[in-house]
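Peer 1: So here's structure_13.txt (compact mmCIF, C-alpha atoms and all ligand atoms).
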# COMPACT_ATOMS: atom_id res chain seq x y z
CA MET V 1 105.05 91.01 75.88
CA LYS V 2 107.98 88.87 74.71
CA PHE V 3 111.63 89.83 74.40
CA ASP V 4 113.96 87.54 72.46
CA VAL V 5 117.54 88.59 73.21
CA LEU V 6 120.38 87.57 70.90
CA THR V 7 123.49 87.60 73.11
CA LEU V 8 126.80 85.88 73.82
CA PHE V 9 125.96 85.96 77.54
CA PRO V 10 122.44 84.51 78.05
CA GLU V 11 123.12 83.65 81.69
CA LEU V 12 123.24 87.37 82.50
CA PHE V 13 119.57 87.63 81.52
CA ASN V 14 118.55 84.36 83.15
CA ILE V 15 119.90 85.69 86.48
CA VAL V 16 118.98 89.41 86.43
CA MET V 17 115.59 89.13 84.70
CA ARG V 18 114.20 86.56 87.15
CA GLU V 19 114.48 88.93 90.11
CA SER V 20 112.06 91.52 91.53
CA ILE V 21 109.31 93.11 89.44
CA ILE V 22 110.44 91.71 86.08
CA GLY V 23 110.85 88.26 87.60
CA ARG V 24 107.35 88.38 89.04
CA ALA V 25 105.95 89.60 85.70
CA GLN V 26 107.59 86.59 84.04
CA GLU V 27 106.11 84.23 86.62
CA ASN V 28 102.70 85.80 85.98
CA GLY V 29 103.14 85.32 82.24
CA ILE V 30 102.85 89.07 81.50
CA ILE V 31 106.44 89.33 80.29
CA LYS V 32 108.74 86.71 78.76
CA VAL V 33 112.48 87.24 78.40
CA ASN V 34 114.11 84.57 76.22
CA ALA V 35 117.91 84.82 75.93
CA ILE V 36 119.43 83.03 72.93
CA ASN V 37 123.14 82.24 72.82
CA ILE V 38 124.52 83.43 69.47
CA ARG V 39 127.49 81.09 69.90
CA ASP V 40 125.18 78.04 69.66
CA TYR V 41 124.64 78.95 66.00
CA SER V 42 128.29 79.26 65.00
CA LYS V 43 129.27 76.82 62.23
CA ASP V 44 132.93 77.32 63.05
CA LYS V 45 134.60 74.19 64.40
CA HIS V 46 135.83 76.22 67.38
CA LYS V 47 132.46 77.99 67.77
CA LYS V 48 134.10 81.30 66.88
CA VAL V 49 131.68 84.24 66.61
CA ASP V 50 134.16 87.00 65.82
CA ASP V 51 136.99 87.75 63.41
CA TYR V 52 139.55 90.42 62.57
CA PRO V 53 138.24 93.62 60.96
CA PHE V 54 138.90 94.11 57.24
CA GLY V 55 141.05 97.18 56.76
CA GLY V 56 142.91 96.54 60.01
CA GLY V 57 142.31 98.09 63.39
CA THR V 58 142.28 96.85 66.96
CA GLY V 59 139.76 94.42 68.38
CA MET V 60 137.42 91.91 66.80
CA VAL V 61 134.10 92.13 64.96
CA MET V 62 131.12 89.81 65.41
CA THR V 63 130.59 87.74 62.27
CA CYS V 64 127.37 87.55 60.25
CA GLN V 65 126.65 83.81 60.10
CA PRO V 66 125.88 83.00 63.76
CA VAL V 67 123.75 86.12 64.29
CA ILE V 68 121.76 85.82 61.04
CA ASP V 69 121.22 82.07 61.55
CA ALA V 70 120.06 82.67 65.13
CA TYR V 71 117.62 85.33 63.91
CA ASN V 72 116.32 83.10 61.11
CA ASP V 73 115.87 80.20 63.53
CA ILE V 74 113.85 82.14 66.12
CA THR V 75 111.67 83.79 63.47
CA LYS V 76 111.25 80.81 61.10
CA ASP V 77 107.66 80.07 62.21
CA MET V 78 106.59 83.70 62.62
CA THR V 79 104.26 85.18 60.03
CA VAL V 80 104.87 88.67 61.42
CA LYS V 81 108.54 89.36 62.09
CA PRO V 82 109.11 91.29 65.34
CA LYS V 83 110.99 94.57 65.37
CA VAL V 84 114.75 93.99 65.80
CA ILE V 85 116.55 96.54 67.96
CA TYR V 86 120.35 96.65 68.02
CA MET V 87 121.67 98.14 71.28
CA SER V 88 124.27 100.62 70.05
CA PRO V 89 125.80 104.00 70.94
CA GLN V 90 124.77 105.08 67.43
CA GLY V 91 121.06 104.72 68.08
CA ARG V 92 118.50 107.26 69.17
CA VAL V 93 118.83 107.70 72.93
CA LEU V 94 116.22 105.82 74.95
CA ASN V 95 113.80 107.97 76.92
CA GLN V 96 110.39 107.51 78.54
CA LYS V 97 108.58 108.44 75.32
CA ILE V 98 110.42 105.74 73.35
CA ALA V 99 109.86 103.25 76.20
CA LYS V 100 106.11 103.98 76.03
CA GLU V 101 106.15 103.45 72.25
CA LEU V 102 107.98 100.13 72.59
CA SER V 103 105.66 98.93 75.38
CA THR V 104 102.87 98.65 72.79
CA GLU V 105 104.81 95.99 70.85
CA GLU V 106 103.81 92.36 71.45
CA HIS V 107 107.27 91.03 70.65
CA LEU V 108 110.73 92.57 70.35
CA ILE V 109 114.07 91.05 69.37
CA LEU V 110 117.07 92.71 71.00
CA LEU V 111 120.56 92.23 69.55
CA CYS V 112 123.52 92.67 71.90
CA GLY V 113 126.86 93.54 70.31
CA HIS V 114 130.27 92.76 71.75
CA TYR V 115 133.98 93.24 71.05
CA GLU V 116 134.42 96.23 68.68
CA GLY V 117 131.03 95.79 67.11
CA ILE V 118 129.10 93.70 64.61
CA ASP V 119 129.54 93.24 60.86
CA GLU V 120 127.58 96.05 59.15
CA ARG V 121 125.77 93.54 56.97
CA ILE V 122 123.98 92.20 60.07
CA ILE V 123 122.47 95.66 60.58
CA GLU V 124 121.53 95.88 56.90
CA GLU V 125 119.97 92.41 56.93
CA ILE V 126 117.96 92.18 60.17
CA VAL V 127 118.11 95.37 62.28
CA ASP V 128 115.09 97.68 62.19
CA GLU V 129 116.35 100.23 64.68
CA GLU V 130 119.41 101.07 66.79
CA ILE V 131 118.75 102.33 70.33
CA SER V 132 121.31 103.77 72.73
CA ILE V 133 120.96 104.11 76.51
CA GLY V 134 123.36 107.05 76.54
CA ASP V 135 126.39 108.67 74.95
CA TYR V 136 129.07 106.38 76.36
CA VAL V 137 130.54 103.06 75.21
CA LEU V 138 130.12 99.89 77.26
CA THR V 139 131.82 96.51 76.84
CA GLY V 140 128.69 94.96 75.41
CA GLY V 141 125.00 95.43 74.64
CA GLU V 142 123.71 93.23 77.47
CA LEU V 143 123.32 95.92 80.15
CA PRO V 144 121.66 98.29 77.65
CA ALA V 145 119.26 95.48 76.68
CA MET V 146 118.37 94.90 80.34
CA VAL V 147 117.80 98.63 80.84
CA LEU V 148 115.45 98.68 77.85
CA ILE V 149 113.60 95.55 79.03
CA ASP V 150 113.19 97.06 82.50
CA CYS V 151 111.92 100.51 81.48
CA VAL V 152 109.63 99.09 78.75
CA SER V 153 108.25 96.17 80.82
CA ARG V 154 107.18 98.37 83.72
CA LEU V 155 104.87 100.21 81.34
CA VAL V 156 103.11 96.99 80.30
CA GLN V 157 99.71 96.63 81.95
CA GLY V 158 99.82 94.38 85.00
CA VAL V 159 103.56 94.60 85.63
CA LEU V 160 103.35 97.38 88.23
CA ALA V 161 100.89 97.24 91.10
CA SER V 162 98.90 100.15 89.69
CA GLU V 163 99.03 102.22 86.51
CA ASN V 164 99.31 105.34 88.72
CA SER V 165 102.72 104.04 89.72
CA TYR V 166 104.18 105.39 86.50
CA SER V 167 101.62 107.85 85.15
CA GLU V 168 102.67 110.50 87.73
CA GLU V 169 106.35 109.72 87.93
CA SER V 170 109.41 111.43 86.53
CA HIS V 171 109.49 112.03 82.79
CA PHE V 172 106.06 110.54 82.19
CA ASN V 173 104.32 113.91 82.47
CA GLY V 174 107.31 115.88 81.24
CA LEU V 175 108.41 116.79 84.77
CA LEU V 176 110.72 115.32 87.39
CA GLU V 177 109.01 113.58 90.30
CA TYR V 178 108.13 115.47 93.49
CA PRO V 179 110.01 114.57 96.72
CA GLN V 180 108.85 111.37 98.42
CA TYR V 181 108.67 110.82 102.21
CA THR V 182 107.66 107.92 104.46
CA ARG V 183 107.70 107.13 108.19
CA PRO V 184 108.99 108.37 110.58
CA ALA V 185 107.55 111.92 110.26
CA ASP V 186 110.61 113.22 112.14
CA TYR V 187 113.98 111.61 111.35
CA ASN V 188 116.93 113.11 113.25
CA GLY V 189 115.05 116.38 113.50
CA LYS V 190 114.29 116.43 109.75
CA LYS V 191 110.51 116.74 109.50
CA VAL V 192 108.19 115.70 106.67
CA PRO V 193 106.50 118.77 105.09
CA ASP V 194 103.28 119.50 107.07
CA ILE V 195 101.18 119.58 103.89
CA LEU V 196 101.79 115.83 103.42
CA LEU V 197 100.41 115.14 106.91
CA SER V 198 97.34 117.36 106.38
CA GLY V 199 95.19 114.74 104.64
CA HIS V 200 94.02 117.51 102.29
CA HIS V 201 94.46 115.67 98.97
CA ALA V 202 93.74 118.61 96.68
CA ASN V 203 96.34 120.76 98.44
CA ILE V 204 98.82 117.85 98.51
CA GLU V 205 98.43 117.36 94.77
CA LYS V 206 98.92 121.09 94.19
CA TRP V 207 102.05 121.10 96.38
CA ARG V 208 103.44 118.05 94.56
CA THR V 209 102.88 119.58 91.11
CA GLN V 210 104.59 122.78 92.23
CA GLN V 211 107.51 120.79 93.66
CA SER V 212 107.84 118.91 90.35
CA ILE V 213 107.85 122.14 88.37
CA GLU V 214 110.41 123.79 90.67
CA ARG V 215 112.84 120.84 90.71
CA THR V 216 112.52 120.37 86.95
CA LYS V 217 113.35 124.05 86.47
CA GLN V 218 116.35 123.67 88.78
CA LYS V 219 117.69 120.23 87.77
CA ARG V 220 116.60 119.87 84.14
CA PRO V 221 116.12 123.29 82.50
CA ASP V 222 116.00 121.50 79.14
CA MET V 223 112.91 119.57 80.21
CA TYR V 224 111.44 122.64 81.88
CA GLU V 225 111.72 124.64 78.67
CA VAL V 226 109.63 122.04 76.81
CA TYR V 227 107.13 121.86 79.69
CA GLU V 228 106.87 125.68 79.87
CA ARG V 229 106.22 125.88 76.12
CA THR V 230 103.41 123.37 76.26
CA HIS V 231 101.88 124.60 79.54
CA LYS V 232 102.66 128.30 79.48
CA LYS V 233 99.07 129.31 80.13
CA ASN V 234 99.05 127.42 83.45
CA LEU V 235 102.42 128.57 84.77
N1 LIG V 301 125.75 103.11 75.02
C1 LIG V 301 125.03 102.07 74.52
N2 LIG V 301 123.71 102.09 74.35
O1 LIG V 301 123.35 100.91 73.83
N3 LIG V 301 124.41 100.13 73.68
C2 LIG V 301 125.47 100.81 74.11
C3 LIG V 301 126.85 100.30 74.13
O2 LIG V 301 127.75 100.97 74.56
N4 LIG V 301 126.99 99.05 73.65
C4 LIG V 301 128.27 98.40 73.68
C5 LIG V 301 128.91 98.34 72.35
C6 LIG V 301 130.05 97.39 72.48
C7 LIG V 301 130.72 97.21 71.17
C8 LIG V 301 129.75 96.77 70.12
C9 LIG V 301 128.61 97.70 69.98
C10 LIG V 301 127.95 97.93 71.29
Output the structure of this file as structure tokens.
Peer 2:
Amino acid sequence: MKFDVLTLFPELFNIVMRESIIGRAQENGIIKVNAINIRDYSKDKHKKVDDYPFGGGTGMVMTCQPVIDAYNDITKDMTVKPKVIYMSPQGRVLNQKIAKELSTEEHLILLCGHYEGIDERIIEEIVDEEISIGDYVLTGGELPAMVLIDCVSRLVQGVLASENSYSEESHFNGLLEYPQYTRPADYNGKKVPDILLSGHHANIEKWRTQQSIERTKQKRPDMYEVYERTHKKNL
């Protein structure tokens, strides 16, 4: 899976996305993150990429030309144009279901805004979808783009050690994850639940499911309500 990221800060991606699981997935050729510097496409003699907003107001707006030219350049030889996602507080809020949907795409282009935003005509011209990582405003779209790349990439086959790594975890099955423990079995007098030391896998699985249901009910009643509706016969 390939991500082309249109950004004013490509170095952020070159540093963060070469570490840990995503970095290893890039080395293995499963994922490719290609950060493109929008400023390289500016035709302004001072390489400007922003200008004052028409109608007044504080802050600056990213101009059309560099972004559209960057998009046209990276897609010029593509017969099928990849989906373009603009990271924006106005988009639908990213969740595990959307991440799963996006993980089936071969190629995505992510557009990172900055300053007060981007010229609306960029959205009209090249953006297929706006996605938000939450209802708050950041200084730029780079961190949201990295969040999306991370949560989507880990669902791509071969990125995680085993598919079970995510198929049982929080949000994937509509529930929060059960509590996790590792050695030592007794830490400062806090003991690991005996069931987890029993070696009885069927009972362990039952305990874990019950723990997930209970903590979802307690911590995320909104999620629990959906789960209860779809599983009411088993509860
Ligand atoms: N929240 C978010 N989810 O996705 N992106 C977000 C964001 O806050 N982005 C920064 C702003 C900065 C000004 C231009 C438009 C994007």
Peer 1: What does the distance from atom C7 of ligand LIG 301 (chain V) to CA of Asp4 (chain V) come to in Å, to one decimal?
Peer 2: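 About the pair atom C7 of ligand LIG 301 (chain V) and CA of Asp4 (chain V): they are 19.4 Å apart.
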Peer 1: List all protein, DNA and RNA residues that have an atom no more than 8 Å from any atom of ligand LIG 301 (chain V), counting only C-alpha atoms and all ligand atoms, and report them as a VMD selection string.
Peer 2: chain V and resid 86 to 91 93 112 to 118 131 to 145
Peer 1: Do you have the CA of Arg215 (chain V)-CA of Ser20 (chain V) distance handy?
Peer 2: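 Computed distance, CA of Arg215 (chain V) to CA of Ser20 (chain V), equals 29.3 Å.
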Peer 1: From the set V:Tyr52, V:Tyr178, V:Phe9, V:Tyr224, which residue has the shortest atom-to-atom contact distance to Thr209 (chain V), counting all atoms listed in the file?
Peer 2: V:Tyr178
Peer 1: Just checking: using all atoms listed in the file, which residue out of V:Glu101, V:Thr75, V:Arg39, V:Asp119 ends up closest to Pro53 (chain V)?
Peer 2: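 Answer, going by the shortest atom-to-atom distance: V:Asp119.
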Peer 1: Would you kindly return, as a PyMOL selection string, each protein, DNA or RNA residue with an atom no farther than 12 Å from any atom of region 77-79 of chain V, considering all atoms listed in the file and excluding same-chain residues fewer than 5 positions away?
Peer 2: chain V and resi 71-72+107
Peer 1: Select, from V:Leu102, V:Leu175, V:Ile21, V:Met62, the residue with the minimum atom-to-atom distance to Thr230 (chain V), counting all atoms listed in the file.
Peer 2: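 So, comparing all the options, the nearest one is V:Leu175.
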Peer 1: Determine the nearest neighbour of Ile126 (chain V) from the options V:Leu148, V:Pro184, V:Pro193, V:Pro82, counting only C-alpha atoms.
Peer 2: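 For Ile126 (chain V), the nearest of the given residues is V:Pro82.
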Peer 1: Can you work out the spacing between CA of Ile213 (chain V) and CA of Val156 (chain V) in Å, to one decimal?
Peer 2: 26.8 Å
Peer 1: Please return the centre and edge lengths, in Å to one decimal, of a box with edges along x, y and z that contains all listed atoms of region 183-190 of chain V, widened by 6 Å on every side, as AutoDock Vina command-line options.
Peer 2:
--center_x 112.2 --center_y 111.8 --center_z 110.8 --size_x 21.4 --size_y 21.3 --size_z 17.3
Peer 1: Please complete region 95-115 of chain V with N, CA, C and O atoms and give it back as a PDB file, in the coordinates of the input.
Peer 2:
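Saved as result13.pdb:
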ATOM      1  N   ASN V  95     114.413 107.111  75.904  1.00  0.00           N
ATOM      2  CA  ASN V  95     113.800 107.970  76.920  1.00  0.00           C
ATOM      3  C   ASN V  95     112.400 107.407  77.210  1.00  0.00           C
ATOM      4  O   ASN V  95     111.974 106.421  76.627  1.00  0.00           O
ATOM      5  N   GLN V  96     111.682 108.066  78.098  1.00  0.00           N
ATOM      6  CA  GLN V  96     110.390 107.510  78.540  1.00  0.00           C
ATOM      7  C   GLN V  96     109.392 107.449  77.378  1.00  0.00           C
ATOM      8  O   GLN V  96     108.588 106.518  77.281  1.00  0.00           O
ATOM      9  N   LYS V  97     109.502 108.411  76.477  1.00  0.00           N
ATOM     10  CA  LYS V  97     108.580 108.440  75.320  1.00  0.00           C
ATOM     11  C   LYS V  97     108.806 107.227  74.424  1.00  0.00           C
ATOM     12  O   LYS V  97     107.868 106.535  74.024  1.00  0.00           O
ATOM     13  N   ILE V  98     110.080 106.912  74.184  1.00  0.00           N
ATOM     14  CA  ILE V  98     110.420 105.740  73.350  1.00  0.00           C
ATOM     15  C   ILE V  98     110.006 104.466  74.083  1.00  0.00           C
ATOM     16  O   ILE V  98     109.457 103.531  73.497  1.00  0.00           O
ATOM     17  N   ALA V  99     110.246 104.437  75.404  1.00  0.00           N
ATOM     18  CA  ALA V  99     109.860 103.250  76.200  1.00  0.00           C
ATOM     19  C   ALA V  99     108.361 103.019  76.094  1.00  0.00           C
ATOM     20  O   ALA V  99     107.893 101.883  75.925  1.00  0.00           O
ATOM     21  N   LYS V 100     107.585 104.113  76.134  1.00  0.00           N
ATOM     22  CA  LYS V 100     106.110 103.980  76.030  1.00  0.00           C
ATOM     23  C   LYS V 100     105.730 103.430  74.664  1.00  0.00           C
ATOM     24  O   LYS V 100     104.901 102.528  74.554  1.00  0.00           O
ATOM     25  N   GLU V 101     106.393 103.948  73.618  1.00  0.00           N
ATOM     26  CA  GLU V 101     106.150 103.450  72.250  1.00  0.00           C
ATOM     27  C   GLU V 101     106.414 101.939  72.191  1.00  0.00           C
ATOM     28  O   GLU V 101     105.604 101.158  71.721  1.00  0.00           O
ATOM     29  N   LEU V 102     107.566 101.544  72.701  1.00  0.00           N
ATOM     30  CA  LEU V 102     107.980 100.130  72.590  1.00  0.00           C
ATOM     31  C   LEU V 102     107.082  99.222  73.439  1.00  0.00           C
ATOM     32  O   LEU V 102     106.892  98.059  73.124  1.00  0.00           O
ATOM     33  N   SER V 103     106.478  99.771  74.491  1.00  0.00           N
ATOM     34  CA  SER V 103     105.660  98.930  75.380  1.00  0.00           C
ATOM     35  C   SER V 103     104.371  98.480  74.697  1.00  0.00           C
ATOM     36  O   SER V 103     103.681  97.603  75.195  1.00  0.00           O
ATOM     37  N   THR V 104     104.072  99.065  73.535  1.00  0.00           N
ATOM     38  CA  THR V 104     102.870  98.650  72.790  1.00  0.00           C
ATOM     39  C   THR V 104     103.181  97.486  71.844  1.00  0.00           C
ATOM     40  O   THR V 104     102.264  96.906  71.257  1.00  0.00           O
ATOM     41  N   GLU V 105     104.443  97.137  71.700  1.00  0.00           N
ATOM     42  CA  GLU V 105     104.810  95.990  70.850  1.00  0.00           C
ATOM     43  C   GLU V 105     104.527  94.673  71.581  1.00  0.00           C
ATOM     44  O   GLU V 105     104.764  94.587  72.782  1.00  0.00           O
ATOM     45  N   GLU V 106     104.045  93.688  70.855  1.00  0.00           N
ATOM     46  CA  GLU V 106     103.810  92.360  71.450  1.00  0.00           C
ATOM     47  C   GLU V 106     105.125  91.607  71.634  1.00  0.00           C
ATOM     48  O   GLU V 106     105.284  90.824  72.568  1.00  0.00           O
ATOM     49  N   HIS V 107     106.060  91.862  70.690  1.00  0.00           N
ATOM     50  CA  HIS V 107     107.270  91.030  70.650  1.00  0.00           C
ATOM     51  C   HIS V 107     108.423  91.884  70.125  1.00  0.00           C
ATOM     52  O   HIS V 107     108.267  92.576  69.113  1.00  0.00           O
ATOM     53  N   LEU V 108     109.541  91.852  70.802  1.00  0.00           N
ATOM     54  CA  LEU V 108     110.730  92.570  70.350  1.00  0.00           C
ATOM     55  C   LEU V 108     111.917  91.612  70.336  1.00  0.00           C
ATOM     56  O   LEU V 108     111.992  90.713  71.199  1.00  0.00           O
ATOM     57  N   ILE V 109     112.806  91.779  69.374  1.00  0.00           N
ATOM     58  CA  ILE V 109     114.070  91.050  69.370  1.00  0.00           C
ATOM     59  C   ILE V 109     115.183  92.072  69.625  1.00  0.00           C
ATOM     60  O   ILE V 109     115.252  93.094  68.928  1.00  0.00           O
ATOM     61  N   LEU V 110     115.975  91.817  70.645  1.00  0.00           N
ATOM     62  CA  LEU V 110     117.070  92.710  71.000  1.00  0.00           C
ATOM     63  C   LEU V 110     118.395  92.035  70.632  1.00  0.00           C
ATOM     64  O   LEU V 110     118.601  90.864  70.960  1.00  0.00           O
ATOM     65  N   LEU V 111     119.256  92.762  69.946  1.00  0.00           N
ATOM     66  CA  LEU V 111     120.560  92.230  69.550  1.00  0.00           C
ATOM     67  C   LEU V 111     121.655  92.925  70.360  1.00  0.00           C
ATOM     68  O   LEU V 111     121.730  94.165  70.370  1.00  0.00           O
ATOM     69  N   CYS V 112     122.456  92.121  71.044  1.00  0.00           N
ATOM     70  CA  CYS V 112     123.520  92.670  71.900  1.00  0.00           C
ATOM     71  C   CYS V 112     124.871  92.473  71.205  1.00  0.00           C
ATOM     72  O   CYS V 112     125.278  91.339  70.946  1.00  0.00           O
ATOM     73  N   GLY V 113     125.538  93.595  70.932  1.00  0.00           N
ATOM     74  CA  GLY V 113     126.860  93.540  70.310  1.00  0.00           C
ATOM     75  C   GLY V 113     127.938  93.287  71.360  1.00  0.00           C
ATOM     76  O   GLY V 113     127.675  93.372  72.563  1.00  0.00           O
ATOM     77  N   HIS V 114     129.130  92.954  70.849  1.00  0.00           N
ATOM     78  CA  HIS V 114     130.270  92.760  71.750  1.00  0.00           C
ATOM     79  C   HIS V 114     131.556  93.041  70.985  1.00  0.00           C
ATOM     80  O   HIS V 114     131.500  93.404  69.810  1.00  0.00           O
ATOM     81  N   TYR V 115     132.678  92.934  71.670  1.00  0.00           N
ATOM     82  CA  TYR V 115     133.980  93.240  71.050  1.00  0.00           C
ATOM     83  C   TYR V 115     133.942  94.685  70.508  1.00  0.00           C
ATOM     84  O   TYR V 115     133.419  95.569  71.152  1.00  0.00           O
TER      85      TYR V 115
END
